[in-house]
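Participant: So that you have it, the file is entry_24.txt, and it contains compact mmCIF, C-alpha atoms:
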```txt
# COMPACT_ATOMS: atom_id res chain seq x y z
CA MET A 1 72.59 130.14 90.79
CA ILE A 2 72.78 127.11 93.10
CA ALA A 3 73.69 124.94 90.09
CA GLU A 4 76.56 127.28 89.20
CA ILE A 5 77.97 127.09 92.72
CA LEU A 6 77.66 123.28 92.68
CA VAL A 7 79.41 123.03 89.30
CA LEU A 8 82.19 125.31 90.49
CA ALA A 9 82.61 123.32 93.72
CA CYS A 10 82.80 120.02 91.81
CA LEU A 11 85.37 121.47 89.40
CA VAL A 12 87.53 122.79 92.24
CA ILE A 13 87.39 119.48 94.13
CA GLY A 14 88.22 117.55 90.97
CA THR A 15 91.16 119.77 90.07
CA VAL A 16 92.60 119.74 93.58
CA PHE A 17 92.43 115.95 93.85
CA ASN A 18 93.93 115.51 90.38
CA CYS A 19 96.81 117.82 91.35
CA LEU A 20 97.44 115.88 94.57
CA GLY A 21 97.33 112.59 92.65
CA ILE A 22 100.00 113.77 90.21
CA LEU A 23 102.05 115.13 93.12
CA GLY A 24 101.89 111.70 94.74
CA LEU A 25 102.88 110.05 91.48
CA LEU A 26 105.99 112.22 91.36
CA ARG A 27 106.79 112.06 95.07
CA PHE A 28 106.22 108.53 96.41
CA PRO A 29 109.15 106.08 96.54
CA ASP A 30 107.95 102.96 94.70
CA VAL A 31 105.36 101.68 92.27
CA TYR A 32 102.80 100.46 94.82
CA THR A 33 102.59 103.72 96.74
CA ARG A 34 102.44 105.64 93.44
CA MET A 35 99.53 103.43 92.49
CA HIS A 36 97.75 104.49 95.69
CA ALA A 37 98.00 108.11 94.62
CA THR A 38 96.94 107.62 91.01
CA THR A 39 94.26 104.96 91.43
CA LYS A 40 92.37 106.64 94.21
CA MET A 41 92.88 110.34 93.73
CA THR A 42 92.92 110.62 89.94
CA THR A 43 89.79 108.46 89.68
CA PHE A 44 88.07 110.54 92.35
CA GLY A 45 89.12 113.80 90.70
CA SER A 46 88.05 112.77 87.22
CA PHE A 47 84.78 111.50 88.68
CA PHE A 48 84.16 114.92 90.16
CA THR A 49 84.90 116.74 86.90
CA ALA A 50 82.39 114.41 85.23
CA LEU A 51 79.94 115.16 88.05
CA ALA A 52 80.35 118.88 87.33
CA VAL A 53 79.37 118.24 83.71
CA ILE A 54 76.38 116.16 84.88
CA VAL A 55 75.14 118.92 87.19
CA TYR A 56 75.68 121.53 84.46
CA GLY A 57 73.73 119.46 81.91
CA ALA A 58 70.91 118.77 84.38
CA SER A 59 70.56 122.47 85.23
CA LEU A 60 70.46 123.37 81.53
CA PHE A 61 67.84 120.66 80.92
CA LEU A 62 65.66 121.96 83.74
CA GLY A 63 66.07 125.47 82.36
CA THR A 64 65.39 124.79 78.67
CA GLY A 65 63.82 121.31 78.44
CA ASP A 66 66.00 120.42 75.48
CA GLY A 67 66.44 116.66 74.87
CA GLN A 68 70.13 116.84 73.96
CA TYR A 69 71.09 117.66 77.55
CA VAL A 70 69.57 114.35 78.68
CA THR A 71 71.91 112.66 76.21
CA LEU A 72 74.82 114.67 77.62
CA VAL A 73 74.03 113.70 81.22
CA LEU A 74 73.49 109.99 80.50
CA HIS A 75 76.59 109.59 78.34
CA THR A 76 78.74 111.41 80.89
CA ALA A 77 77.41 109.12 83.64
CA VAL A 78 78.31 106.05 81.55
CA ALA A 79 81.80 107.45 80.93
CA ALA A 80 82.33 108.14 84.65
CA ILE A 81 81.20 104.64 85.67
CA ALA A 82 83.41 103.06 82.99
CA LEU A 83 86.34 105.14 84.26
CA ALA A 84 85.88 104.09 87.90
CA MET A 85 85.52 100.38 87.08
CA THR A 86 88.39 100.14 84.61
CA ASN A 87 90.82 102.11 86.78
CA ALA A 88 90.31 99.80 89.76
CA ILE A 89 90.70 96.61 87.73
CA GLY A 90 93.67 97.95 85.76
CA SER A 91 95.50 98.84 88.97
CA HIS A 92 95.02 95.29 90.28
CA ALA A 93 96.54 94.01 87.07
CA ILE A 94 99.58 96.30 87.24
CA ALA A 95 100.19 95.56 90.94
CA ARG A 96 100.00 91.81 90.37
CA GLY A 97 102.30 92.01 87.36
CA ALA A 98 104.79 94.17 89.24
CA HIS A 99 104.93 91.75 92.16
CA ARG A 100 105.37 88.78 89.81
CA ALA A 101 108.18 90.64 88.06
CA GLY A 102 109.99 90.74 91.41
CA ILE A 103 109.61 94.43 92.31
CA LYS A 104 109.80 94.62 96.12
CA PRO A 105 107.76 97.26 97.97
CA ALA A 106 110.19 99.95 99.15
CA GLN A 107 110.41 100.69 102.90
CA ALA A 108 107.97 97.87 103.57
CA VAL A 109 107.52 96.77 107.17
CA VAL A 110 105.91 93.47 106.16
CA ASP A 111 105.52 91.50 102.91
CA ARG A 112 103.22 88.51 103.35
CA LEU A 113 102.97 87.87 99.60
CA GLY A 114 106.75 87.51 99.27
CA GLU A 115 106.64 84.66 101.80
CA VAL A 116 104.15 82.59 99.80
CA PRO A 117 105.79 79.98 97.57
CA PRO A 118 104.87 80.69 93.94
CA MET B 1 78.09 133.04 83.20
CA THR B 2 79.44 129.68 82.12
CA PRO B 3 81.64 127.82 84.60
CA PRO B 4 85.39 127.96 83.80
CA PHE B 5 85.61 124.62 82.00
CA ASP B 6 88.41 125.82 79.72
CA LEU B 7 90.64 126.75 82.66
CA VAL B 8 90.17 123.26 84.14
CA VAL B 9 91.07 121.73 80.76
CA CYS B 10 94.32 123.72 80.75
CA ILE B 11 95.17 122.57 84.29
CA LEU B 12 94.44 118.92 83.44
CA LEU B 13 96.68 119.07 80.38
CA VAL B 14 99.53 120.57 82.44
CA LEU B 15 99.03 117.73 84.94
CA ALA B 16 99.24 115.22 82.08
CA CYS B 17 102.61 116.74 81.16
CA PHE B 18 103.81 116.21 84.75
CA ALA B 19 102.66 112.59 84.55
CA LEU B 20 104.79 112.26 81.42
CA VAL B 21 107.79 113.29 83.56
CA ARG B 22 107.24 110.11 85.58
CA LEU B 23 106.94 108.21 82.30
CA VAL B 24 110.42 109.40 81.31
CA LEU B 25 112.02 109.05 84.77
CA GLY B 26 110.33 105.88 86.04
CA PRO B 27 112.92 103.31 87.06
CA THR B 28 110.82 100.21 86.25
CA ILE B 29 108.32 99.27 83.55
CA ALA B 30 105.52 99.17 86.12
CA ASP B 31 106.09 102.84 86.95
CA ARG B 32 105.76 103.72 83.30
CA ALA B 33 102.57 101.67 83.02
CA VAL B 34 101.10 103.55 86.01
CA ALA B 35 102.06 106.88 84.41
CA VAL B 36 100.40 105.94 81.10
CA ASP B 37 97.28 104.85 82.98
CA THR B 38 97.16 108.22 84.74
CA VAL B 39 97.54 110.11 81.47
CA ASN B 40 94.68 108.06 80.01
CA THR B 41 92.42 108.96 82.95
CA LEU B 42 93.24 112.64 82.57
CA VAL B 43 92.56 112.49 78.82
CA VAL B 44 89.12 110.97 79.47
CA ALA B 45 88.29 113.77 81.93
CA THR B 46 89.55 116.37 79.42
CA LEU B 47 87.42 114.90 76.63
CA ILE B 48 84.30 115.09 78.80
CA LEU B 49 84.98 118.76 79.52
CA LEU B 50 85.76 119.51 75.86
CA ALA B 51 82.39 118.02 74.92
CA VAL B 52 80.71 120.73 77.00
CA ILE B 53 82.94 123.51 75.70
CA TYR B 54 82.45 122.67 72.00
CA ARG B 55 78.86 121.37 72.51
CA GLN B 56 79.63 118.09 70.72
CA ILE B 57 78.20 115.00 72.44
CA VAL B 58 80.29 112.79 70.15
CA PHE B 59 83.32 113.67 72.30
CA ILE B 60 81.80 111.78 75.24
CA ASP B 61 81.28 108.67 73.13
CA VAL B 62 84.93 108.97 72.13
CA ALA B 63 85.82 109.26 75.84
CA ILE B 64 83.90 106.04 76.70
CA VAL B 65 85.62 104.09 73.94
CA TYR B 66 88.98 105.59 74.91
CA ALA B 67 88.52 104.53 78.55
CA LEU B 68 87.66 100.95 77.58
CA LEU B 69 90.53 100.68 75.07
CA SER B 70 93.04 102.09 77.56
CA PHE B 71 91.82 99.50 80.07
CA VAL B 72 92.50 96.71 77.57
CA SER B 73 95.97 98.05 76.83
CA THR B 74 96.73 98.43 80.57
CA VAL B 75 95.75 94.82 81.28
CA PHE B 76 97.84 93.68 78.32
CA VAL B 77 100.93 95.58 79.52
CA ALA B 78 100.38 94.25 83.07
CA LYS B 79 100.26 90.68 81.81
CA TYR B 80 103.46 91.34 79.90
CA ILE B 81 105.18 92.75 83.00
CA GLY B 82 104.13 89.73 85.05
CA GLY B 83 105.58 87.35 82.47
CA GLU B 84 102.26 85.63 81.81
CA LEU B 85 102.17 86.30 78.09
CA MET C 1 66.70 80.07 78.13
CA LEU C 2 67.16 82.45 81.04
CA ALA C 3 70.59 83.40 79.70
CA TYR C 4 69.06 84.59 76.41
CA ILE C 5 66.39 86.63 78.19
CA ILE C 6 68.92 88.32 80.48
CA THR C 7 71.19 89.15 77.54
CA PHE C 8 68.21 90.58 75.62
CA ILE C 9 67.17 92.82 78.50
CA LEU C 10 70.70 94.06 79.17
CA ALA C 11 71.37 94.79 75.49
CA LEU C 12 68.05 96.64 75.15
CA LEU C 13 68.72 98.71 78.27
CA LEU C 14 72.20 99.62 77.03
CA TYR C 15 70.82 100.66 73.64
CA LEU C 16 68.10 102.76 75.25
CA LEU C 17 70.67 104.38 77.54
CA PHE C 18 72.83 105.46 74.63
CA THR C 19 69.97 106.76 72.47
CA ALA C 20 67.99 108.61 75.16
CA GLY C 21 66.97 112.09 74.13
CA SER C 22 66.55 111.28 70.43
CA GLY C 23 62.80 111.86 70.06
CA THR C 24 59.48 112.76 71.58
CA LEU C 25 58.00 109.37 72.59
CA TRP C 26 59.02 109.85 76.24
CA LEU C 27 62.69 110.32 75.33
CA TRP C 28 63.10 108.07 72.32
CA SER C 29 61.94 108.25 68.71
CA PRO C 30 59.87 105.24 67.47
CA SER C 31 62.47 104.19 64.90
CA GLU C 32 65.14 104.01 67.61
CA LEU C 33 62.90 101.81 69.76
CA ILE C 34 62.26 99.37 66.90
CA ALA C 35 65.94 99.28 65.98
CA GLY C 36 66.84 98.71 69.63
CA VAL C 37 64.48 95.74 70.00
CA LEU C 38 65.73 94.18 66.74
CA LEU C 39 69.39 94.64 67.63
CA ALA C 40 68.86 93.30 71.15
CA LEU C 41 67.13 90.20 69.72
CA LEU C 42 70.06 89.70 67.35
CA THR C 43 72.57 90.13 70.20
CA ALA C 44 70.72 87.65 72.41
CA ALA C 45 70.52 85.08 69.60
CA VAL C 46 74.20 85.37 68.71
CA ALA C 47 75.91 86.00 72.05
CA GLY C 48 73.51 84.70 74.72
CA LYS C 49 75.56 81.62 75.48
CA THR C 50 78.91 83.42 75.55
CA LEU C 51 77.92 86.47 77.59
CA CYS C 52 76.03 84.55 80.31
CA ARG C 53 78.23 81.55 80.98
CA GLY C 54 77.70 81.08 84.70
CA LYS C 55 75.00 78.90 86.19
CA ASP C 56 74.47 81.33 89.04
CA TYR C 57 71.61 83.76 88.40
CA ARG C 58 71.31 85.30 91.84
CA MET C 59 72.52 88.71 90.65
CA ALA C 60 69.57 88.87 88.20
CA ASN C 61 67.31 89.47 91.19
CA PRO C 62 66.24 93.16 91.04
CA LEU C 63 66.23 93.47 94.83
CA ARG C 64 69.96 92.65 94.95
CA LEU C 65 70.61 95.32 92.31
CA VAL C 66 68.72 97.88 94.41
CA VAL C 67 70.83 96.98 97.45
CA LEU C 68 73.96 97.22 95.26
CA PHE C 69 72.94 100.74 94.23
CA LEU C 70 72.27 101.73 97.86
CA TYR C 71 75.67 100.31 98.81
CA LEU C 72 77.41 102.34 96.11
CA VAL C 73 75.83 105.68 97.02
CA GLY C 74 75.86 105.13 100.79
CA PRO C 75 78.65 103.48 102.80
CA PHE C 76 80.95 103.02 99.80
CA LEU C 77 80.91 106.72 98.94
CA VAL C 78 81.64 107.68 102.55
CA GLU C 79 84.64 105.34 102.65
CA VAL C 80 85.91 106.63 99.28
CA VAL C 81 85.82 110.23 100.50
CA ARG C 82 87.63 109.30 103.72
CA ALA C 83 90.24 107.30 101.78
CA ASN C 84 90.94 110.21 99.45
CA LEU C 85 91.38 112.65 102.31
CA ASP C 86 93.70 110.13 104.01
CA VAL C 87 95.86 109.66 100.91
CA ALA C 88 95.90 113.44 100.34
CA TYR C 89 97.26 113.87 103.87
CA ARG C 90 99.96 111.27 103.17
CA VAL C 91 100.90 112.87 99.84
CA ILE C 92 101.38 116.25 101.48
CA THR C 93 103.21 115.11 104.63
CA GLY C 94 105.01 112.07 103.17
CA ARG C 95 104.34 110.00 106.30
CA ILE C 96 104.02 106.44 104.96
CA ARG C 97 104.61 102.98 106.40
CA PRO C 98 103.87 100.58 103.54
CA GLY C 99 103.52 96.81 103.67
CA ILE C 100 101.67 93.88 102.17
CA ILE C 101 99.28 92.05 104.52
CA ARG C 102 97.14 88.96 104.13
CA VAL C 103 93.35 89.27 104.47
CA PRO C 104 91.12 86.20 104.44
CA SER C 105 88.03 87.47 102.65
CA GLY C 106 85.58 84.80 103.76
CA MET C 107 83.59 85.24 100.54
CA LYS C 108 82.27 82.26 98.62
CA THR C 109 81.19 83.42 95.16
CA ASP C 110 83.37 84.97 92.46
CA PHE C 111 81.26 88.12 92.22
CA SER C 112 81.50 88.88 95.93
CA VAL C 113 85.29 88.48 95.87
CA PHE C 114 85.40 90.80 92.85
CA LEU C 115 83.25 93.37 94.63
CA LEU C 116 85.32 93.18 97.83
CA ALA C 117 88.62 93.47 95.93
CA ASN C 118 87.39 96.53 94.01
CA SER C 119 86.01 98.12 97.17
CA ILE C 120 89.36 97.59 98.87
CA THR C 121 91.21 99.15 95.94
CA LEU C 122 89.11 102.31 95.97
CA THR C 123 88.91 102.68 99.77
CA PRO C 124 91.18 103.37 102.69
CA GLY C 125 94.84 103.37 101.82
CA THR C 126 94.83 99.85 100.41
CA ILE C 127 95.12 98.18 97.00
CA THR C 128 94.64 94.51 96.23
CA VAL C 129 97.83 93.01 94.83
CA ASP C 130 97.07 89.32 94.42
CA ILE C 131 94.56 86.64 95.37
CA ASP C 132 94.98 83.07 96.52
CA GLU C 133 92.48 81.32 94.26
CA GLY C 134 92.12 78.25 96.48
CA THR C 135 91.19 79.94 99.74
CA ASN C 136 90.03 83.37 98.41
CA ASP C 137 92.64 85.14 100.55
CA LEU C 138 93.51 88.64 99.36
CA PHE C 139 97.00 90.15 99.54
CA ILE C 140 96.66 93.85 100.19
CA HIS C 141 99.23 96.60 99.92
CA ASN C 142 98.55 99.01 102.74
CA ILE C 143 100.05 102.50 102.57
CA ASN C 144 100.06 102.90 106.33
CA VAL C 145 100.22 99.62 108.25
CA PRO C 146 98.93 100.28 111.79
CA GLU C 147 101.17 99.34 114.71
CA GLY C 148 101.13 95.64 115.50
CA TRP C 149 99.65 94.43 112.22
CA GLU C 150 103.06 93.48 110.79
CA THR C 151 103.42 90.57 113.22
CA ARG C 152 99.94 89.12 112.73
CA PRO C 153 99.68 86.38 110.08
CA ALA C 154 96.26 87.52 108.88
CA VAL C 155 93.99 90.52 109.34
CA LYS C 156 90.20 90.35 109.18
CA ALA C 157 88.51 92.17 106.29
CA GLU C 158 86.21 94.05 108.67
CA GLU C 159 89.17 95.72 110.39
CA LEU C 160 90.24 97.51 107.19
CA PHE C 161 87.16 99.73 107.16
CA SER C 162 86.53 102.00 110.10
CA LEU C 163 83.33 103.86 109.23
CA ALA C 164 81.07 101.21 107.70
CA ASN C 165 81.05 97.42 107.66
CA LEU C 166 81.51 96.91 103.91
CA PRO C 167 82.08 93.09 103.94
CA ALA C 168 78.70 92.59 105.62
CA TRP C 169 77.05 94.71 102.92
CA ILE C 170 78.78 92.69 100.20
CA ARG C 171 77.61 89.45 101.80
CA ARG C 172 74.08 90.79 101.81
CA ILE C 173 74.35 91.71 98.12
CA ALA C 174 76.09 88.76 96.57
CA GLU C 175 75.60 85.71 98.77
```
What's the structure tokens form of this structure?

Facilitator:
Amino acid sequence: MIAEILVLACLVIGTVFNCLGILGLLRFPDVYTRMHATTKMTTFGSFFTALAVIVYGASLFLGTGDGQYVTLVLHTAVAAIALAMTNAIGSHAIARGAHRAGIKPAQAVVDRLGEVPP
Amino acid sequence: MTPPFDLVVCILLVLACFALVRLVLGPTIADRAVAVDTVNTLVVATLILLAVIYRQIVFIDVAIVYALLSFVSTVFVAKYIGGEL
Amino acid sequence: MLAYIITFILALLLYLLFTAGSGTLWLWSPSELIAGVLLALLTAAVAGKTLCRGKDYRMANPLRLVVLFLYLVGPFLVEVVRANLDVAYRVITGRIRPGIIRVPSGMKTDFSVFLLANSITLTPGTITVDIDEGTNDLFIHNINVPEGWETRPAVKAEELFSLANLPAWIRRIAE
């Protein structure tokens, strides 16, 4: 019963943060602010959907003792960690490339990187 | 009662369609790269949920490989945008 | 020699992680264990030199890995949750004040700079855009630059985080 409530809570949190991330992607003015929305919130939301699967698998394993649920939990954990790592590094790469391509941050109050000689 | 995994899958796929709107609209290449990255993240989350729905653990292995490959392609596109290729 | 041993252990752990739940000997079947040891030996022999290129083995210390785990589930998680709520607020209200600021990281090793840059990307309203390789200064895009920061030439890394002192944790882990 507790496991079901936890799974449901994780799913709701994940869905809400994914929705807000996509809303930010559609709403923000330039590529850097859009990256804030997608990098943080979509990673967090997808991490929580994976966490829901982990909790679900763990509760089924404790209920039945079947070995395949251990496989489910461990593989999902690996997928979630891979997702978090690769999203962070990929967003660095896109931000760096965008700044080198000459895309200025919109509405920026300060741009210290633009002042550095290349 | 099983948790409503299938409903969440539907919502995530609708969100992926909205991310594709940004892919079509996006004024610069970097915007499109961000949109593709977002769609990849959502697909990984969807695959993990589908593994539970269909009870196939292979789906999660596919999700891991998909995440790593999408990372490689993102870094490649970013290098191309920055003119370092 | 140490490089080969570290590669062997990491490869074996990865293999065991992916095949857990296959049998009855704890969680693994005997054939999987033998295959794992053989494949890890092969990996270490072939790729030991390429996978472990650095001369710096301080991250092989298990105590540092334990502190890294504590850091990830403790202060880092708190900051991530706060950052997500902050960005959610800005998505809904649309109140943003973006800008790129310069942050001297003060880190010495490559791994600590990597860890700090990734922590900054996933935590409060900031993403790392570029790095000055000579001085290890980070250039950070901030979604909401606080009042007064736009005139300062550099901002300390500790000031970015309000709830926990993440740079001190990273120094403890990686230096």

Participant: From the set B:Val77, B:Val52, B:Leu23, B:Ile57, which residue has the shortest atom-to-atom contact distance to chain C, counting only C-alpha atoms?

Facilitator: B:Ile57

Participant: Compute the set of chain A residues within 6 Å of chain B, using all atoms listed in the file, and express it as a PyMOL selection string.

Facilitator: chain A and resi 31+46+79+86+90+93-94+97-98+100-101

Participant: What does the structure give for the distance between atom CA of Ala83 of chain C and atom CA of Ala174 of chain C, in Å to one decimal?

Facilitator: 23.9 Å

Participant: Which is closest to chain A among C:Ala40, C:Leu68, C:Ile92, C:Leu13, if we use only C-alpha atoms?

Facilitator: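 For chain A, the nearest of the given residues is C:Ile92.
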
Participant: Quick one: contact table of chain C to chain A, 8 Å max, nearest atom pair and distance in Å to one decimal per residue, counting only C-alpha atoms, chain and number order, as a tab-separated table?

Facilitator:
```
residue	atom	partner	partner_atom	distance
C:Leu17	CA	A:Leu74	CA	6.9
C:Phe18	CA	A:His75	CA	6.7
C:Thr19	CA	A:Thr71	CA	7.2
C:Ala20	CA	A:Thr71	CA	5.7
C:Gly21	CA	A:Gly67	CA	4.7
C:Ser22	CA	A:Gly67	CA	7.0
C:Gly23	CA	A:Gly67	CA	7.7
C:Leu27	CA	A:Gly67	CA	7.4
C:Ala83	CA	A:Lys40	CA	7.9
C:Asn84	CA	A:Met41	CA	6.0
C:Val87	CA	A:Ala37	CA	6.8
C:Ala88	CA	A:Leu20	CA	6.5
C:Val91	CA	A:Gly24	CA	5.3
C:Ile92	CA	A:Leu20	CA	8.0
C:Gly94	CA	A:Phe28	CA	7.7
C:Arg97	CA	A:Ala108	CA	6.7
C:Pro98	CA	A:Ala108	CA	4.9
C:Gly99	CA	A:Ala108	CA	4.6
C:Ile100	CA	A:Asp111	CA	4.6
C:Ile101	CA	A:Arg112	CA	5.4
C:Arg102	CA	A:Arg112	CA	6.1
C:Asn118	CA	A:Ala88	CA	6.1
C:Thr121	CA	A:Ala88	CA	6.3
C:Leu122	CA	A:Lys40	CA	5.7
C:Thr123	CA	A:Lys40	CA	7.7
C:Gly125	CA	A:His36	CA	6.9
C:Thr126	CA	A:His36	CA	7.2
C:Ile127	CA	A:His36	CA	7.0
C:Thr128	CA	A:His92	CA	6.0
C:Val129	CA	A:Arg96	CA	5.1
C:Asp130	CA	A:Arg96	CA	5.6
C:Phe139	CA	A:Leu113	CA	6.4
C:His141	CA	A:Tyr32	CA	7.3
C:Ile143	CA	A:Thr33	CA	6.5
C:Val145	CA	A:Val109	CA	7.9
C:Glu150	CA	A:Val110	CA	5.4
C:Pro153	CA	A:Arg112	CA	7.9
```

Participant: Have a look at atom CA of Val80 of chain C and atom CA of Asp132 of chain C and let me know their distance in Å, one decimal.

Facilitator: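 Between atom CA of Val80 of chain C and atom CA of Asp132 of chain C the gap is 25.4 Å.
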
Participant: Between atom CA of Leu51 of chain A and atom CA of Ala117 of chain C, what distance in Å does the model show, to one decimal?

Facilitator: 24.7 Å
